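Asks: Have a look at the structure that comes next, please.
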Amino acid sequence: MSLLPQFLIDSILLGGLYTLMAIGFALAFGVTRIINFAHGEFIMLGAYAAFWLFTGWGLDPLAVMPAVIVLGFACGWLLFKAFIERVLTAPNINQILLTFAIGLVIQHIAVILWSGNSRSTTPEYALKALTIGDAFIPYGRLIGCGVAVLLVAMLIAWLKWAEDGRAVRAVAQNSDAATLMGINVKGIYALSFALSSALGVATGVVVSFIITVTPFMGFPMLVKAVAIVIVAGMGSIVGMVVGAFVLAFAETGFAYYVAEGSGWAEGVAFVLITAILIIRPYGLFGDAEA
Amino acid sequence: MLNGFWNLVYAMGLGVLSLGIGLSSAEAQGVFKIGAPASLSGKYVAYGVQAKNGIEHALEMWKATRGDSAGGRKIELIFADTQSDNALTVSIINDLIQTQKVDLIIGPDGSNVAATAVPPWKKFKERPIWILPGGSSSKIEKEVGPDPYFFHTYAWAYYYHINNVDALKAAVGTKKKVAFVFTDGAYGRAHIDDARRYVKEAGFEIVANELVREGSADFNSAIIKVRATRPDILYALMQTTDAVQFAKQVYTAKTGIPYLVGTAQAQLTEWQQAVGEAQNCWTGVTTWVNGLAYPADPREPKLLPAAAAWEAAWRAKYGKEPEFLEAGYYVSTVLALLAVEATKSVDRDVLKTWLVGQDYKSPMGLHSKFKPSEITPHQAFGEMVVFQRVKEGNGYVSKLIFPKDIANGTLQTCK
C-alpha cells in the first residue's frame with residue numbers, strides 16, 4: 001500500500017489548518033508590528049464558544065461561526081483600546097510581556113471557569129471521511145481547509161478592494177506616510193487587531209471539532225503561527241499561506257517517511273525557523289527592508 | 001525608650017506563654033492531622049477536585065457513622081493547593097511536614113505532581129505515613145524505593161499492562177499481532193517499555209511501534225502506518241488530551257483493526273464525552289469503573305459498602321458518576337481513619353503496623369491488603385478491571401470483560 005496519496009491529502013489538510021492558525025496572527029503582526037502572544041488564547045476562546053454552544057444548545061460549530069466572529073472582533077477591539085494602544089510606542093519587550101500576560105490571564109480564567117478537562121465538539125461530519133481507494137479525506141479537516149481558503153480569499157479581497165483594506169495595507173507598508181495621507185493609523189491598528197482576533201476565534205471554532213479543546217491549547221498553535229510568519233516573512237498573505245503549506249508538507253513528510261518520524265515531525269518547525277533565520281532572516285516572501 | 005523595650009519583652013513573654021497554653025490544650029485534646037495536597041487549580045484541577053471530593057465524602061461518611069473524632073482525636077484536614085505546579089508541591093510537602101506537622105499525607109494527584117513530592121517527603125527522617133491513591137508512574141515507585149511508610153493505593157503503570165494482556169489472552173488468545181502507538185511525553189514513555197515487555201512475554205507478535213508527538217495536531221501518519229501492518233490489536237499509550245484526538249482520528253480512518261486497547265482514558269467521563277461515537281469498542285483498564293459488583297465489607301458495611309451502594313450514594317450526592325480518583329481517595333481516607341480509630345494513635349510505626357495487617361473489602365476492590373510490589377513494600381488495589389465501551393440504547397456503557405468472575409460482558413470486535 002502506497003503512503004503517497006494519504007501523505008498528500010494529510011499535508012494539504014494540515015496546511016489549511018496551519019493557514020487558519022497563522023492568518024490572524026500574521027495580520028496583527030504585519031500591521032501593528034506587535035507580536036500578539038495572546039493570539040493562541042483567542043483561538044482557545046473560539047473553540048470554547050463553539051463547544052458550549054454545541055453541547056448546551058446543540059448548535060453546529062459552523063452555524064455559530066459568524067456570531068462568534070462578531071464577538072471575537074468586539075473583544076479584540078476592546079482589548080486593543082484597553083491595553084495594546086497604550087504600548088504602541090513602547091519597547092518591544094513591553095509589548096511582548098503585555099500580550100503574554102494577557103494570554104496567561106485568559107488561560108487561567110478559562111481554567112477557573114471551565115476546568116482543565118479535555119473537550120471536543122462532535123458534529124456528525126467530524127467523524128466521517130470520504131474514502132478513495134486506500135486513502136481517505138476526513139470531512140472535519142476538509143471543512144477546516146475550506147474555511148481557511150474562504151477566509152484567506154475574503155481577506156485578500158478586502159485588502160485589495162475595500163477602502164479600509166487598502167488603508168490597512170498602506171499602514172502596514174509605511175505608517176508615517178499613511179498618517180501624512182490622512183489615514184487614522186490608530187484606528188487602522190484597532191481594526192487590524194480586532195480582525196486578527198476575529199480570525200483567531202474563527203480558527204478556534206474550526207479546531208473545536210478537529211483537535212482537543214483545553215485551556216492550554218493556544219500556545220502550541222501560537223508557536224506554529226510564529227514559525228509560519230518567520231518562514232513566510234512579513235507583508236504577504238500569499239507568502240503566509242505558502243509558509244503554512246511548507247511547514248505542513250515538511251512535518252507530514254517527516255512523519256510518514258522517517259522511522260518514528262511522527263514523534264519528531266513537530267521539531268521540523270524549529271529546524272525551519274532556525275534555517276530561515278540564518279539564511280534569509282526576512283523570510284521566503286518578506287521584504288528585507290520591512 | 002527603655003519603657004518601650006520592657007513592654008515589648010512583656011508582650012513577647014505573654015505571646016510565648018499563650019502559645020504554650022494553646023499547644024498543651026491541643027495535645028491534651030489530641031488531634032489527627034491529615035495533610036491533603038491536591039491540584040485544586042491549574043492544569044490538573046480536574047484530578048484535584050476528584051481527590052478533594054473523595055476525601056470530603058469519606059470524612060462526611062465517617063462523621064455520620066462515628067462522629068467528629070477518630071481514636072478520640074479531633075480530625076483536622078488540611079487541603080493544600082499544589083496549583084498543578086511541581087515547585088509549589090515541594091514547598092507544600094515541606095510545609096505540611098515541618099510547619100503543620102501532619103500525621104499522615106494523602107495525595108497529591110497525578111503522576112507528575114506526585115513524583116515531585118517524593119524527595120521533600122523522603123528528606124525528613126521523621127516523615128509521616130504517605131498514602132498515594134493516584135500516580136501510576138514507575139518513576140515514583142523507583143524514587144520512593146522500599147520505604148516502609150509509603151502506601152500506594154493505586155496500580156503502578158505495569159499493572160495496567162499485566163491486566164490488559166491477561167484480558168486479551170483470555171478473550172482472543174495470543175496468536176495476534178499488536179501495534180503500539182505511544183506519545184513522546186512522560187505518560188507514553190513511562191508505559192511503553194512495560195507494555196511491550198508483557199505483550200511480548202505473553203506471546204503476542206508486535207508489528208509496529210509508532211512514536212507520536214504529545215499535543216500533535218495530526219496523528220494520521222501514525223494511524224496509516226499502523227494500519228499498513230494489519231494488526232489485530234491497536235494498543236495506545238497516551239494521556240487524555242491526545243487520546244481524545246487520537247480516538248476521533250482512528251474512528252474517522254476506519255482502520256478495520258478488530259481490537260482497540262487503551263489504558264486510563266476510556267474510564268474518564270471527559271474522554272467519553274469528548275469523543276462521542278468514537279469511544280465505541282475502546283477498552284480501558286482501571287481500579288474503579290461504574291457497575292462493579294464488589295460486596296460490602298462485613299466489618300465496616302457503612303464505611304465500606306458494596307460498590308453499587310457506594311456508587312448510588314455518590315450519584316445522589318454529587319449528581320454524577322464517581323471517577324476512579326474519587327473512589328481511590330475515599331477508600332484511602334477511610335483506611336487512614338480506621339487505622340487511627342483502631343490504634344488510638346497517630347504514631348507512624350503503630351499506624352504502619354496496623355495498615356499492613358488489615359484486609360478489607362471495599363468499593364474499589366475485594367482486598368485492601370497491602371502487599372509488596374516490584375519495589376515498594378505496601379501496595380494495594382493493583383488488581384484492575386478491564387472494560388470495553390459498547391453502545392447500549394442511545395448511549396455507551398462500560399462492560400466489564402476481565403477478570404472473568406466479575407465480568408458482565410465479553411470482548412467485542414470493532415465494527
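In the C-alpha cells, chains take the letters A, B, ... in the order shown, each chain's residues start at 1, and ligands count up from 1 in the order shown.
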Could you write out, as a PyMOL selection string, all the residues of region 152-226 of chain B that DSSP marks as alpha helix (DSSP H)?
Replies: chain B and resi 157-172+186-202+220-226
Asks: At most 6 Å is the cut-off: for each residue in chain A with any atom that close to an atom of chain B, write down the nearest atom pair and the distance in Å rounded to one decimal, counting only C-alpha atoms, chain first then increasing number, as JSON lines.
Replies:
```
{"residue": "A:Gly116", "atom": "CA", "partner": "B:Lys43", "partner_atom": "CA", "distance": 5.3}
{"residue": "A:Ser118", "atom": "CA", "partner": "B:Thr241", "partner_atom": "CA", "distance": 5.4}
{"residue": "A:Arg119", "atom": "CA", "partner": "B:Ala274", "partner_atom": "CA", "distance": 4.8}
{"residue": "A:Ser120", "atom": "CA", "partner": "B:Ala274", "partner_atom": "CA", "distance": 4.7}
{"residue": "A:Leu127", "atom": "CA", "partner": "B:Thr252", "partner_atom": "CA", "distance": 5.0}
{"residue": "A:Lys128", "atom": "CA", "partner": "B:Thr252", "partner_atom": "CA", "distance": 5.3}
{"residue": "A:Ala129", "atom": "CA", "partner": "B:Thr252", "partner_atom": "CA", "distance": 6.0}
{"residue": "A:Ile211", "atom": "CA", "partner": "B:Gln245", "partner_atom": "CA", "distance": 5.5}
{"residue": "A:Thr212", "atom": "CA", "partner": "B:Gln245", "partner_atom": "CA", "distance": 5.8}
{"residue": "A:Tyr256", "atom": "CA", "partner": "B:Ser221", "partner_atom": "CA", "distance": 5.5}
{"residue": "A:Glu260", "atom": "CA", "partner": "B:Leu211", "partner_atom": "CA", "distance": 5.3}
{"residue": "A:Ser262", "atom": "CA", "partner": "B:Val212", "partner_atom": "CA", "distance": 4.8}
{"residue": "A:Gly263", "atom": "CA", "partner": "B:Val212", "partner_atom": "CA", "distance": 4.0}
```
Asks: Just list the residues in region 127-185 of chain B DSSP gives strand (DSSP E or B) on the backbone, as a ChimeraX atom specification.
Replies: /B:129-132,150-152,177-183
Asks: Quick one: everything within 8 Å of Val207 (chain B), counting only C-alpha atoms, minus sequence neighbours fewer than 5 positions away in the same chain. Send it as a ChimeraX atom specification.
Replies: /B:177-179,229,231
Asks: If I take CA of Ala265 (chain A) and CA of Asp134 (chain A), how far is one from the other in Å, to one decimal?
Replies: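 One can read the CA of Ala265 (chain A) to CA of Asp134 (chain A) distance as 23.2 Å.
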Asks: Fewer than 2 positions away in the same chain doesn't count, so skip those; otherwise give me all residues within 9 Å of His152 (chain B), counting only C-alpha atoms, as a PyMOL selection string.
Replies: chain B and resi 130-135+150+154-156+370+376+378-381
Asks: Residues within 12 Å of region 170-172 of chain B, please, as a list in words. Count only C-alpha atoms; anything in the same chain fewer than 5 positions from it doesn't count.
Replies: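 The residues that qualify are Asn163, Asn164, Val165, Lys177, Ala202, Phe204, Asp232, Ile233, Pro258, Tyr259, Val386, Phe387, Ile401, Phe402, Pro403, Lys404, Ala407, Gly409, Thr410, Leu411, Gln412 and Thr413 of chain B.
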Asks: Produce a file of the selected residues containing C-alpha atoms, as an mmCIF file, in the first residue's frame.
Replies:
```cif
data_model
loop_
_atom_site.group_PDB
_atom_site.id
_atom_site.type_symbol
_atom_site.label_atom_id
_atom_site.label_comp_id
_atom_site.auth_asym_id
_atom_site.auth_seq_id
_atom_site.Cartn_x
_atom_site.Cartn_y
_atom_site.Cartn_z
ATOM 1 C CA ASN B 163 -4.144 -6.838 33.381
ATOM 2 C CA ASN B 164 -4.624 -5.723 29.774
ATOM 3 C CA VAL B 165 -2.524 -8.614 28.496
ATOM 4 C CA LYS B 177 -0.500 -9.006 16.055
ATOM 5 C CA ALA B 202 2.610 -13.358 26.680
ATOM 6 C CA PHE B 204 1.813 -11.750 21.040
ATOM 7 C CA ASP B 232 -5.301 -7.327 15.289
ATOM 8 C CA ILE B 233 -4.820 -5.056 18.271
ATOM 9 C CA PRO B 258 -10.537 -5.508 15.436
ATOM 10 C CA TYR B 259 -9.442 -4.500 18.945
ATOM 11 C CA VAL B 386 -10.655 -4.313 32.082
ATOM 12 C CA PHE B 387 -13.761 -2.953 30.431
ATOM 13 C CA ILE B 401 -14.677 -8.096 30.450
ATOM 14 C CA PHE B 402 -11.953 -9.047 32.935
ATOM 15 C CA PRO B 403 -11.486 -10.636 35.448
ATOM 16 C CA LYS B 404 -13.953 -13.322 34.442
ATOM 17 C CA ALA B 407 -17.345 -9.760 34.057
ATOM 18 C CA GLY B 409 -19.714 -8.857 29.014
ATOM 19 C CA THR B 410 -17.248 -10.315 26.555
ATOM 20 C CA LEU B 411 -14.701 -8.542 24.376
ATOM 21 C CA GLN B 412 -16.379 -7.412 21.158
ATOM 22 C CA THR B 413 -14.603 -6.798 17.862
#
```
Asks: My list of candidates is B:Met364, B:Ile34, B:Gly71, B:Asn94. Which is closest to Lys344 (chain B) when distances are computed with only C-alpha atoms?
Replies: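 When distances to Lys344 (chain B) are compared using only C-alpha atoms, the smallest one comes from B:Gly71.
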Asks: Might you pull out every residue within 8 Å of Leu247 (chain A), with only C-alpha atoms counted and same-chain residues fewer than 5 positions away left off, and present them as a ChimeraX atom specification?
Replies: /A:15,228,268-269,272
Asks: With N, CA and C atoms retained, write the just-selected residues as a compact mmCIF listing (two decimals), in the first residue's frame.
Replies:
```txt
# COMPACT_ATOMS: atom_id res chain seq x y z
N GLY A 15 -2.02 21.82 6.04
CA GLY A 15 -1.65 23.15 5.56
C GLY A 15 -2.81 24.13 5.72
N ILE A 228 5.35 29.96 11.03
CA ILE A 228 4.88 30.23 9.67
C ILE A 228 5.23 31.66 9.25
N VAL A 268 10.42 19.81 13.13
CA VAL A 268 10.69 20.37 11.80
C VAL A 268 10.44 21.88 11.81
N ALA A 269 9.39 22.31 12.52
CA ALA A 269 9.08 23.74 12.59
C ALA A 269 10.27 24.53 13.11
N LEU A 272 13.14 24.58 10.63
CA LEU A 272 12.84 25.53 9.57
C LEU A 272 13.07 26.97 10.03
```
Asks: CA of Ile143 (chain A) and CA of Gly58 (chain A), how far apart in Å?
Replies: 18.9 Å
Asks: Write out as a ChimeraX atom specification the residues lying within 9 Å of region 107-114 of chain A, counting only C-alpha atoms and excluding same-chain residues fewer than 2 positions away.
Replies: /A:41,44-45,48,102-105,116-117,214-216,218 /B:41-43,45
Asks: Considering only C-alpha atoms, give me a table of residues in region 137-187 of chain A that are at most 7 Å from region 31-38 of chain A, with the closest atom pair and distance in Å for each, as a tab-separated table.
Replies:
```
residue	atom	partner	partner_atom	distance
A:Val168	CA	A:Val31	CA	6.9
A:Val171	CA	A:Val31	CA	6.4
A:Ala172	CA	A:Val31	CA	4.3
```
Asks: Now that the selection is made, can you save its residues with C-alpha atoms as a CSV table (one decimal), in the first residue's frame?
Replies:
```csv
chain,number,residue,atom,x,y,z
A,168,VAL,CA,-4.5,48.6,6.3
A,171,VAL,CA,-0.3,51.4,7.2
A,172,ALA,CA,1.5,48.1,7.0
```
Asks: With only C-alpha atoms as the atoms that count, which of B:Pro298, B:Thr287, B:Ala336, B:Gly256 lies nearest to Lys33 (chain B)?
Replies: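 Ranking B:Pro298, B:Thr287, B:Ala336, B:Gly256 by distance to Lys33 (chain B), first place goes to B:Ala336.
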Asks: With distances taken over only C-alpha atoms, which residue among B:Lys302, B:Lys391, B:Arg348, B:His161 lies nearest Phe32 (chain B)?
Replies: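 Distance minimum relative to Phe32 (chain B) lands on B:Arg348.
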Asks: Given only C-alpha atoms as the basis, pick out the residue of A:Gly253, A:Gly243, A:Gly261, A:Gly16 nearest to Leu142 (chain A).
Replies: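 Checking each of A:Gly253, A:Gly243, A:Gly261, A:Gly16 against Leu142 (chain A), counting only C-alpha atoms, the winner is A:Gly16.
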